file start.cif (mmCIF, C-alpha atoms)
data_work
#
loop_
_atom_site.label_atom_id
_atom_site.label_comp_id
_atom_site.auth_asym_id
_atom_site.auth_seq_id
_atom_site.Cartn_x
_atom_site.Cartn_y
_atom_site.Cartn_z
CA MET A 1 136.85 36.13 60.78
CA GLN A 2 137.32 38.07 64.01
CA ILE A 3 133.97 39.22 65.39
CA GLU A 4 135.35 42.64 66.35
CA LEU A 5 135.79 43.37 62.65
CA LEU A 6 132.05 42.97 62.13
CA ASP A 7 131.25 45.01 65.23
CA THR A 8 133.49 47.82 64.04
CA PHE A 9 132.01 47.74 60.53
CA LEU A 10 128.42 47.84 61.80
CA ASP A 11 129.13 50.62 64.28
CA LEU A 12 130.76 52.65 61.54
CA VAL A 13 127.67 52.10 59.38
CA GLU A 14 125.68 53.87 62.11
CA THR A 15 128.08 56.68 63.02
CA ARG A 16 129.66 57.31 59.60
CA SER A 17 132.60 58.63 61.63
CA PHE A 18 135.85 56.83 62.45
CA HIS A 19 136.31 59.18 65.41
CA ARG A 20 132.86 58.50 66.90
CA THR A 21 133.17 54.74 66.38
CA ALA A 22 136.53 54.78 68.14
CA GLU A 23 134.94 56.56 71.10
CA ARG A 24 131.95 54.20 71.22
CA LEU A 25 134.13 51.08 71.05
CA SER A 26 136.75 52.50 73.44
CA VAL A 27 139.61 51.99 70.97
CA THR A 28 141.88 54.33 69.06
CA GLN A 29 140.95 55.72 65.67
CA SER A 30 143.93 53.93 64.16
CA THR A 31 142.53 50.64 65.51
CA VAL A 32 139.22 51.33 63.76
CA SER A 33 141.06 52.06 60.52
CA ALA A 34 143.15 48.90 60.86
CA ARG A 35 140.05 46.76 61.47
CA VAL A 36 138.25 48.19 58.46
CA GLN A 37 141.33 47.65 56.30
CA SER A 38 141.64 44.06 57.55
CA LEU A 39 137.96 43.39 56.74
CA GLU A 40 138.32 44.94 53.29
CA THR A 41 141.40 42.82 52.62
CA THR A 42 139.56 39.67 53.69
CA LEU A 43 136.58 40.47 51.46
CA GLY A 44 138.64 41.81 48.58
CA ALA A 45 136.46 44.90 48.33
CA ARG A 46 136.46 48.48 49.55
CA LEU A 47 133.62 49.09 52.03
CA PHE A 48 133.89 52.81 52.83
CA THR A 49 134.91 56.03 51.13
CA ARG A 50 136.27 58.88 53.25
CA SER A 51 136.10 62.57 52.36
CA ARG A 52 135.80 65.95 54.04
CA ALA A 53 132.03 65.47 54.00
CA GLY A 54 132.31 62.29 56.07
CA THR A 55 132.35 58.52 55.65
CA ASP A 56 130.02 56.74 53.24
CA LEU A 57 129.42 53.13 52.31
CA THR A 58 130.52 51.98 48.88
CA THR A 59 128.19 49.84 46.76
CA GLU A 60 130.04 46.79 48.08
CA GLY A 61 129.65 48.08 51.64
CA LEU A 62 125.91 48.45 51.18
CA ARG A 63 125.71 44.89 49.87
CA PHE A 64 127.78 43.56 52.77
CA GLU A 65 125.78 45.31 55.53
CA ALA A 66 122.87 42.85 55.64
CA HIS A 67 125.27 39.88 55.60
CA ALA A 68 127.32 41.45 58.40
CA ARG A 69 124.23 41.74 60.61
CA LEU A 70 123.33 38.11 60.00
CA LEU A 71 126.91 36.96 60.63
CA ARG A 72 127.09 38.80 63.94
CA ARG A 73 123.69 37.48 65.00
CA ASP A 74 124.63 33.91 64.03
CA TRP A 75 127.83 34.26 66.02
CA ASN A 76 125.97 35.39 69.14
CA GLU A 77 123.45 32.57 68.74
CA ALA A 78 126.28 30.06 68.32
CA CYS A 79 127.96 31.31 71.50
CA ARG A 80 124.72 30.91 73.45
CA ALA A 81 124.05 27.49 71.94
CA VAL A 82 127.27 26.05 73.34
CA ALA A 83 127.03 27.84 76.68
CA PRO A 84 126.21 25.61 79.68
CA SER A 85 122.44 25.43 80.34
CA GLY A 86 122.28 22.68 82.96
CA GLU A 87 119.66 20.09 82.14
CA SER A 88 117.67 22.46 79.91
CA ALA A 89 117.46 21.78 76.20
CA MET A 90 117.96 25.45 75.34
CA THR A 91 118.22 28.93 76.84
CA MET A 92 115.89 31.77 75.89
CA ARG A 93 117.00 35.33 76.62
CA LEU A 94 114.04 37.63 77.23
CA GLY A 95 113.81 41.38 77.56
CA ILE A 96 110.90 43.08 79.30
CA GLN A 97 110.09 46.77 79.63
CA ASN A 98 111.23 48.04 83.02
CA ASP A 99 107.77 49.37 83.77
CA LEU A 100 106.14 45.98 83.11
CA ALA A 101 108.51 43.86 85.17
CA ASP A 102 107.13 44.57 88.63
CA ALA A 103 103.47 43.93 87.77
CA TYR A 104 103.62 41.25 85.08
CA ILE A 105 106.91 39.35 85.02
CA GLY A 106 105.71 36.63 87.39
CA ASP A 107 102.59 35.72 85.42
CA LEU A 108 104.32 35.94 82.04
CA ILE A 109 107.24 33.70 82.97
CA HIS A 110 104.86 31.26 84.66
CA ASP A 111 102.97 30.99 81.36
CA PHE A 112 106.19 30.57 79.35
CA ARG A 113 107.62 27.87 81.61
CA HIS A 114 104.36 25.94 81.48
CA VAL A 115 104.56 25.78 77.68
CA PHE A 116 108.36 25.40 77.47
CA PRO A 117 109.30 23.17 80.44
CA GLN A 118 112.68 22.20 78.95
CA THR A 119 113.79 25.78 78.36
CA ALA A 120 115.99 27.85 80.65
CA PHE A 121 115.04 31.55 80.73
CA TYR A 122 117.26 34.55 81.32
CA ILE A 123 115.15 37.68 81.88
CA GLU A 124 116.47 41.23 81.79
CA PRO A 125 114.24 44.28 82.46
CA ASP A 126 115.36 47.15 80.23
CA TYR A 127 114.22 50.03 78.05
CA SER A 128 112.88 49.68 74.51
CA SER A 129 115.83 51.17 72.61
CA GLN A 130 118.34 48.84 74.23
CA MET A 131 116.11 45.79 73.75
CA CYS A 132 115.71 46.59 70.05
CA GLN A 133 119.48 46.80 69.71
CA ASP A 134 119.94 43.51 71.58
CA LEU A 135 117.41 41.76 69.33
CA VAL A 136 119.23 42.95 66.22
CA THR A 137 122.60 41.71 67.47
CA GLY A 138 121.22 38.43 68.83
CA ALA A 139 121.96 39.27 72.46
CA GLN A 140 118.24 38.74 73.16
CA ASP A 141 115.75 36.34 71.58
CA PHE A 142 112.41 37.95 72.42
CA ALA A 143 111.20 41.10 74.13
CA VAL A 144 108.09 42.81 75.49
CA MET A 145 108.35 46.56 75.10
CA PHE A 146 106.62 49.93 74.89
CA THR A 147 108.34 51.58 71.92
CA PRO A 148 109.14 49.67 68.72
CA LYS A 149 112.20 51.06 66.97
CA PRO A 150 111.75 50.52 63.22
CA HIS A 151 114.50 48.33 61.82
CA PRO A 152 114.63 46.07 58.75
CA ASP A 153 115.67 43.12 60.92
CA LEU A 154 112.93 43.46 63.57
CA HIS A 155 109.31 42.29 63.72
CA PHE A 156 106.73 43.71 66.15
CA VAL A 157 103.29 42.49 67.20
CA SER A 158 100.77 44.67 69.07
CA LEU A 159 99.59 43.03 72.31
CA GLY A 160 97.24 45.67 73.78
CA ASP A 161 97.59 48.46 76.30
CA VAL A 162 98.58 48.84 79.92
CA VAL A 163 96.66 51.52 81.80
CA TYR A 164 97.88 54.31 84.08
CA ARG A 165 95.61 56.14 86.54
CA LEU A 166 96.16 59.59 87.99
CA ILE A 167 96.15 59.51 91.80
CA SER A 168 96.90 62.11 94.45
CA SER A 169 97.42 62.54 98.16
CA ASP A 170 96.22 66.15 98.16
CA ALA A 171 93.70 66.54 95.32
CA GLN A 172 90.53 64.90 94.01
CA THR A 173 89.91 66.96 90.87
CA ARG A 174 92.06 68.37 88.09
CA ALA A 175 91.57 71.94 89.33
CA GLN A 176 92.95 70.99 92.77
CA ILE A 177 96.24 69.56 91.47
CA ASN A 178 99.24 71.47 92.80
CA PRO A 179 101.86 71.76 89.99
CA ALA A 180 104.60 72.05 92.66
CA THR A 181 103.86 68.52 93.93
CA TYR A 182 103.08 66.96 90.56
CA ILE A 183 105.41 64.15 89.44
CA SER A 184 105.50 63.59 85.69
CA GLY A 185 105.80 60.06 84.35
CA ASN A 186 108.00 59.86 81.25
CA PHE A 187 107.38 56.17 80.61
CA ALA A 188 107.54 56.17 76.81
CA PRO A 189 107.09 58.61 73.88
CA ALA A 190 103.49 57.44 73.29
CA PHE A 191 102.61 58.03 76.93
CA GLU A 192 104.26 61.46 76.94
CA GLN A 193 102.23 62.44 73.88
CA ALA A 194 98.98 61.28 75.49
CA HIS A 195 99.91 63.08 78.72
CA ARG A 196 100.68 66.31 76.87
CA ALA A 197 97.28 66.17 75.17
CA ALA A 198 95.38 65.36 78.38
CA LEU A 199 97.15 67.69 80.82
CA PRO A 200 99.02 70.41 78.92
CA GLU A 201 99.16 72.63 82.00
CA LEU A 202 101.33 70.06 83.81
CA VAL A 203 103.93 69.60 81.07
CA GLY A 204 107.41 70.52 82.32
CA ALA A 205 106.96 69.43 85.92
CA GLN A 206 109.89 70.02 88.25
CA LEU A 207 110.12 66.31 89.00
CA SER A 208 109.83 63.53 86.43
CA VAL A 209 110.65 59.82 86.44
CA GLY A 210 110.74 57.10 83.81
CA GLN A 211 109.34 54.15 85.77
CA SER A 212 105.92 53.66 87.36
CA THR A 213 107.31 51.78 90.36
CA SER A 214 109.72 54.62 91.11
CA LEU A 215 106.96 57.21 90.69
CA ALA A 216 104.77 55.28 93.14
CA ALA A 217 107.64 55.17 95.63
CA LEU A 218 108.12 58.92 95.34
CA LEU A 219 104.42 59.54 95.91
CA GLN A 220 104.40 57.31 98.97
CA ALA A 221 107.46 59.06 100.40
CA MET A 222 106.63 62.66 99.50
CA GLY A 223 102.94 62.80 98.64
CA GLY A 224 101.68 64.63 95.56
CA THR A 225 100.04 63.65 92.28
CA GLY A 226 101.10 61.38 89.41
CA PHE A 227 100.16 58.64 86.98
CA VAL A 228 100.75 55.11 88.29
CA MET A 229 100.07 51.77 86.62
CA ALA A 230 96.44 50.82 87.28
CA GLU A 231 97.14 47.83 89.52
CA LYS A 232 99.49 49.79 91.77
CA ALA A 233 97.15 52.79 91.72
CA ALA A 234 94.28 50.64 93.03
CA GLU A 235 96.51 49.34 95.83
CA MET A 236 97.55 52.86 96.84
CA VAL A 237 93.98 54.19 96.75
CA ALA A 238 92.82 51.24 98.86
CA SER A 239 95.33 52.30 101.53
CA GLY A 240 93.20 55.38 102.14
CA ARG A 241 96.03 57.86 101.66
CA PHE A 242 95.47 58.47 97.95
CA ALA A 243 92.45 59.16 95.75
CA TYR A 244 91.79 59.03 92.02
CA ILE A 245 91.58 62.35 90.21
CA SER A 246 87.95 61.93 89.24
CA ASP A 247 87.82 64.13 86.13
CA VAL A 248 91.04 62.95 84.43
CA PRO A 249 90.71 59.81 82.29
CA ALA A 250 93.14 56.90 82.46
CA LEU A 251 95.96 56.89 79.90
CA GLY A 252 96.89 53.79 77.91
CA GLN A 253 100.36 52.74 76.83
CA PRO A 254 100.64 50.26 73.91
CA VAL A 255 102.68 47.09 74.48
CA TYR A 256 104.44 45.08 71.78
CA ALA A 257 106.15 41.73 71.38
CA ALA A 258 109.41 42.05 69.48
CA MET A 259 111.70 39.54 67.80
CA HIS A 260 114.19 39.22 64.96
CA LEU A 261 112.44 39.23 61.59
CA ARG A 262 113.69 35.82 60.56
CA ASN A 263 112.40 34.25 63.79
CA ARG A 264 108.84 35.54 63.48
CA VAL A 265 107.54 32.27 62.01
CA THR A 266 109.33 29.89 64.40
CA LYS A 267 107.06 27.83 66.65
CA SER A 268 108.57 29.19 69.87
CA ARG A 269 108.10 32.86 68.92
CA ARG A 270 104.57 32.27 67.65
CA LYS A 271 103.62 30.44 70.85
CA MET A 272 105.12 33.16 73.04
CA THR A 273 103.29 35.86 71.11
CA ARG A 274 99.97 34.00 71.51
CA ILE A 275 100.60 33.55 75.25
CA LEU A 276 101.25 37.28 75.63
CA GLY A 277 98.20 38.17 73.57
CA ARG A 278 95.96 36.03 75.78
CA ARG A 279 97.51 37.39 78.97
CA PHE A 280 97.06 41.05 77.99
CA ALA A 281 93.52 40.32 76.77
CA GLN A 282 92.77 38.91 80.24
CA ILE A 283 94.24 42.02 81.86
CA GLU A 284 92.01 44.29 79.76
CA THR A 285 88.94 42.13 80.46
CA ALA A 286 89.62 42.23 84.21
CA ARG A 287 89.83 46.04 84.11
CA ASP A 288 86.55 46.32 82.19
#
call {"tool": "encode", "arguments": {"input": "start.cif", "output": "structure tokens"}}
result
Amino acid sequence: MQIELLDTFLDLVETRSFHRTAERLSVTQSTVSARVQSLETTLGARLFTRSRAGTDLTTEGLRFEAHARLLRRDWNEACRAVAPSGESAMTMRLGIQNDLADAYIGDLIHDFRHVFPQTAFYIEPDYSSQMCQDLVTGAQDFAVMFTPKPHPDLHFVSLGDVVYRLISSDAQTRAQINPATYISGNFAPAFEQAHRAALPELVGAQLSVGQSTSLAALLQAMGGTGFVMAEKAAEMVASGRFAYISDVPALGQPVYAAMHLRNRVTKSRRKMTRILGRRFAQIETARD
């Protein structure tokens, strides 16, 4: 079976539109139709019904969906298994939240390599939605992220929180914050919700950014006020140019380990989850 047939089927399951799937896959609508017809011929069953209301899965299509996801994942795993990995016994593809990479990637990979000395690691900082998609398709094996995206094929484990502190170059209290120089951190939906509850008067800032490292760089270049990951905030305050906003509490952002559901009981995933749990427990203890 050609893998593009599975990719087209699974994309169409999401979009329920031949036109949208054609756009997303950068092919013509007739190509999408031909691929679906070829897959239906191979399976000997009709997978979709089309009407003015849209495209829906047939009973056979619903039954095939779970198998299609597993087939595509197995194909991706097979491709990686035969890919050159030097002297390593296997390659592990890891995703890590962009905002965590700068502060934690060194320690985490050091821990992983100590436990898995014969494993080659490929690490890709990214955002939660893309990592969830990559875990489902098998493009990634394991991820550390902020925002779990519920999916029947994914398993998530809570690891703890990372902390953000509000610092400023021109204010020391909440009342002194200048909205015109405030930089909003849109790091994840959970953080945005906590921020909205803590500082409703600063919602809708003129400048916002989705990564703590970038926010810190903007503060250092332009001055102003914003939430920065605790470790970086301490470094910037120690420089003497910035100060903590004394009457605004720190905000926590939950962190999760993520993996494909069927891999949750494998020794490697269980070990990696335990390593992460210990590491984030140490981080929280150090802050206390």
call {"tool": "resolve_selection", "arguments": {"input": "start.cif", "expression": "the PyMOL selection byres ((chain A and resi 183) around 7)", "output": "PDB file with C-alpha atoms, keeping the file's coordinate frame"}}
result
ATOM      1  CA  THR A 181     103.860  68.520  93.930  1.00  0.00           C
ATOM      2  CA  TYR A 182     103.080  66.960  90.560  1.00  0.00           C
ATOM      3  CA  SER A 184     105.500  63.590  85.690  1.00  0.00           C
ATOM      4  CA  GLY A 185     105.800  60.060  84.350  1.00  0.00           C
ATOM      5  CA  ALA A 205     106.960  69.430  85.920  1.00  0.00           C
ATOM      6  CA  LEU A 207     110.120  66.310  89.000  1.00  0.00           C
ATOM      7  CA  SER A 208     109.830  63.530  86.430  1.00  0.00           C
ATOM      8  CA  THR A 225     100.040  63.650  92.280  1.00  0.00           C
ATOM      9  CA  GLY A 226     101.100  61.380  89.410  1.00  0.00           C
TER      10      GLY A 226
END
call {"tool": "residues_around", "arguments": {"input": "start.cif", "residues": "region 190-201 of chain A", "least_positions_apart": "2", "cutoff": "10 Å", "atoms": "only C-alpha atoms", "output": "PDB file with C-alpha atoms, keeping the file's coordinate frame"}}
result
ATOM      1  CA  PHE A 146     106.620  49.930  74.890  1.00  0.00           C
ATOM      2  CA  THR A 147     108.340  51.580  71.920  1.00  0.00           C
ATOM      3  CA  TYR A 164      97.880  54.310  84.080  1.00  0.00           C
ATOM      4  CA  ARG A 174      92.060  68.370  88.090  1.00  0.00           C
ATOM      5  CA  PRO A 179     101.860  71.760  89.990  1.00  0.00           C
ATOM      6  CA  SER A 184     105.500  63.590  85.690  1.00  0.00           C
ATOM      7  CA  GLY A 185     105.800  60.060  84.350  1.00  0.00           C
ATOM      8  CA  ASN A 186     108.000  59.860  81.250  1.00  0.00           C
ATOM      9  CA  PHE A 187     107.380  56.170  80.610  1.00  0.00           C
ATOM     10  CA  ALA A 188     107.540  56.170  76.810  1.00  0.00           C
ATOM     11  CA  VAL A 203     103.930  69.600  81.070  1.00  0.00           C
ATOM     12  CA  GLY A 204     107.410  70.520  82.320  1.00  0.00           C
ATOM     13  CA  ALA A 205     106.960  69.430  85.920  1.00  0.00           C
ATOM     14  CA  PHE A 227     100.160  58.640  86.980  1.00  0.00           C
ATOM     15  CA  VAL A 248      91.040  62.950  84.430  1.00  0.00           C
ATOM     16  CA  PRO A 249      90.710  59.810  82.290  1.00  0.00           C
ATOM     17  CA  ALA A 250      93.140  56.900  82.460  1.00  0.00           C
ATOM     18  CA  LEU A 251      95.960  56.890  79.900  1.00  0.00           C
ATOM     19  CA  GLY A 252      96.890  53.790  77.910  1.00  0.00           C
ATOM     20  CA  GLN A 253     100.360  52.740  76.830  1.00  0.00           C
ATOM     21  CA  PRO A 254     100.640  50.260  73.910  1.00  0.00           C
TER      22      PRO A 254
END
call {"tool": "closest_residue", "arguments": {"input": "start.cif", "among": "A:Val255, A:Leu70, A:Ala234, A:Val115", "to": "Ala281 (chain A)", "atoms": "all atoms listed in the file"}}
result
A:Val255
call {"tool": "closest_residue", "arguments": {"input": "start.cif", "among": "A:Arg241, A:Leu219, A:Phe156, A:Leu276", "to": "Asn263 (chain A)", "atoms": "all atoms listed in the file"}}
result
A:Phe156
call {"tool": "closest_residue", "arguments": {"input": "start.cif", "among": "A:Leu6, A:Leu12, A:Leu202, A:Leu100", "to": "Met229 (chain A)", "atoms": "only C-alpha atoms"}}
result
A:Leu100
call {"tool": "resolve_selection", "arguments": {"input": "start.cif", "expression": "the PyMOL selection byres ((chain A and resi 2) around 12)", "output": "NGL selection string"}}
result
:A and (1 or 3-9 or 35-36 or 38-39 or 42 or 68 or 71-72 or 75)
call {"tool": "resolve_selection", "arguments": {"input": "start.cif", "expression": "the PyMOL selection byres ((chain A and resi 245) around 7)", "output": "ChimeraX atom specification"}}
result
/A:166-168,171-174,243-244,246-248
call {"tool": "residues_around", "arguments": {"input": "start.cif", "residues": "Glu23 (chain A)", "least_positions_apart": "5", "cutoff": "12 Å", "atoms": "only C-alpha atoms", "output": "list in words"}}
result
Thr8, Asp11, Leu12, Thr15, Ser17, Phe18, Thr28, Gln29, Ser30, Thr31 and Val32 of chain A
call {"tool": "write_last_selection", "arguments": {"input": "start.cif", "atoms": "C-alpha atoms", "output": "compact mmCIF listing (two decimals), keeping the file's coordinate frame"}}
result
# COMPACT_ATOMS: atom_id res chain seq x y z
CA THR A 8 133.49 47.82 64.04
CA ASP A 11 129.13 50.62 64.28
CA LEU A 12 130.76 52.65 61.54
CA THR A 15 128.08 56.68 63.02
CA SER A 17 132.60 58.63 61.63
CA PHE A 18 135.85 56.83 62.45
CA THR A 28 141.88 54.33 69.06
CA GLN A 29 140.95 55.72 65.67
CA SER A 30 143.93 53.93 64.16
CA THR A 31 142.53 50.64 65.51
CA VAL A 32 139.22 51.33 63.76
call {"tool": "closest_residue", "arguments": {"input": "start.cif", "among": "A:His19, A:Pro150, A:Met236, A:Ala120", "to": "Ser169 (chain A)", "atoms": "all atoms listed in the file"}}
result
A:Met236
call {"tool": "closest_residue", "arguments": {"input": "start.cif", "among": "A:Met92, A:Val157, A:Ala53, A:Ala180", "to": "Gln140 (chain A)", "atoms": "all atoms listed in the file"}}
result
A:Met92
call {"tool": "atom_distance", "arguments": {"input": "start.cif", "atom1": "CA of Arg274 (chain A)", "atom2": "CA of Leu159 (chain A)"}}
result
9.1 Å
call {"tool": "closest_residue", "arguments": {"input": "start.cif", "among": "A:Arg269, A:Tyr104, A:Met222, A:His260", "to": "Leu135 (chain A)", "atoms": "only C-alpha atoms"}}
result
A:His260
call {"tool": "atom_distance", "arguments": {"input": "start.cif", "atom1": "CA of Arg73 (chain A)", "atom2": "CA of Gly138 (chain A)"}}
result
4.7 Å
call {"tool": "atom_distance", "arguments": {"input": "start.cif", "atom1": "CA of Gln130 (chain A)", "atom2": "CA of Leu215 (chain A)"}}
result
21.7 Å
call {"tool": "axis_aligned_box", "arguments": {"input": "start.cif", "around": "region 128-132 of chain A", "padding_each_side": "4 Å", "output": "JSON"}}
result
{"center_x": 115.6, "center_y": 48.5, "center_z": 72.3, "size_x": 13.5, "size_y": 13.4, "size_z": 12.5}
call {"tool": "residues_around", "arguments": {"input": "start.cif", "residues": "Gly106 (chain A)", "least_positions_apart": "5", "cutoff": "12 Å", "atoms": "all atoms listed in the file", "output": "PyMOL selection string"}}
result
chain A and resi 96+100-101+111-113+123+279
call {"tool": "build_atoms", "arguments": {"input": "start.cif", "residues": "region 174-192 of chain A", "atoms": "N, CA and C atoms", "output": "tab-separated table (two decimals), keeping the file's coordinate frame"}}
result
chain	number	residue	atom	x	y	z
A	174	ARG	N	90.99	67.77	88.88
A	174	ARG	CA	92.06	68.37	88.09
A	174	ARG	C	92.39	69.78	88.58
A	175	ALA	N	91.36	70.55	88.90
A	175	ALA	CA	91.57	71.94	89.33
A	175	ALA	C	92.34	72.03	90.64
A	176	GLN	N	92.29	70.97	91.46
A	176	GLN	CA	92.95	70.99	92.77
A	176	GLN	C	94.41	70.55	92.72
A	177	ILE	N	94.87	70.06	91.56
A	177	ILE	CA	96.24	69.56	91.47
A	177	ILE	C	97.23	70.70	91.66
A	178	ASN	N	98.19	70.49	92.54
A	178	ASN	CA	99.24	71.47	92.80
A	178	ASN	C	100.43	71.17	91.89
A	179	PRO	N	100.74	72.03	90.91
A	179	PRO	CA	101.86	71.76	89.99
A	179	PRO	C	103.18	71.54	90.73
A	180	ALA	N	103.33	72.17	91.91
A	180	ALA	CA	104.60	72.05	92.66
A	180	ALA	C	104.81	70.65	93.21
A	181	THR	N	103.73	69.88	93.40
A	181	THR	CA	103.86	68.52	93.93
A	181	THR	C	103.50	67.47	92.89
A	182	TYR	N	103.40	67.90	91.63
A	182	TYR	CA	103.08	66.96	90.56
A	182	TYR	C	104.35	66.26	90.09
A	183	ILE	N	104.28	64.94	89.94
A	183	ILE	CA	105.41	64.15	89.44
A	183	ILE	C	105.03	63.61	88.07
A	184	SER	N	105.79	63.98	87.07
A	184	SER	CA	105.50	63.59	85.69
A	184	SER	C	106.10	62.22	85.39
A	185	GLY	N	105.32	61.37	84.76
A	185	GLY	CA	105.80	60.06	84.35
A	185	GLY	C	106.20	60.03	82.89
A	186	ASN	N	107.49	59.93	82.62
A	186	ASN	CA	108.00	59.86	81.25
A	186	ASN	C	108.29	58.40	80.89
A	187	PHE	N	107.23	57.61	80.77
A	187	PHE	CA	107.38	56.17	80.61
A	187	PHE	C	107.76	55.76	79.19
A	188	ALA	N	107.27	56.49	78.20
A	188	ALA	CA	107.54	56.17	76.81
A	188	ALA	C	107.04	57.34	75.96
A	189	PRO	N	107.54	57.50	74.73
A	189	PRO	CA	107.09	58.61	73.88
A	189	PRO	C	105.58	58.64	73.68
A	190	ALA	N	104.94	57.47	73.49
A	190	ALA	CA	103.49	57.44	73.29
A	190	ALA	C	102.76	57.94	74.52
A	191	PHE	N	103.25	57.57	75.70
A	191	PHE	CA	102.61	58.03	76.93
A	191	PHE	C	102.81	59.54	77.10
A	192	GLU	N	103.99	60.03	76.82
A	192	GLU	CA	104.26	61.46	76.94
A	192	GLU	C	103.35	62.26	76.02
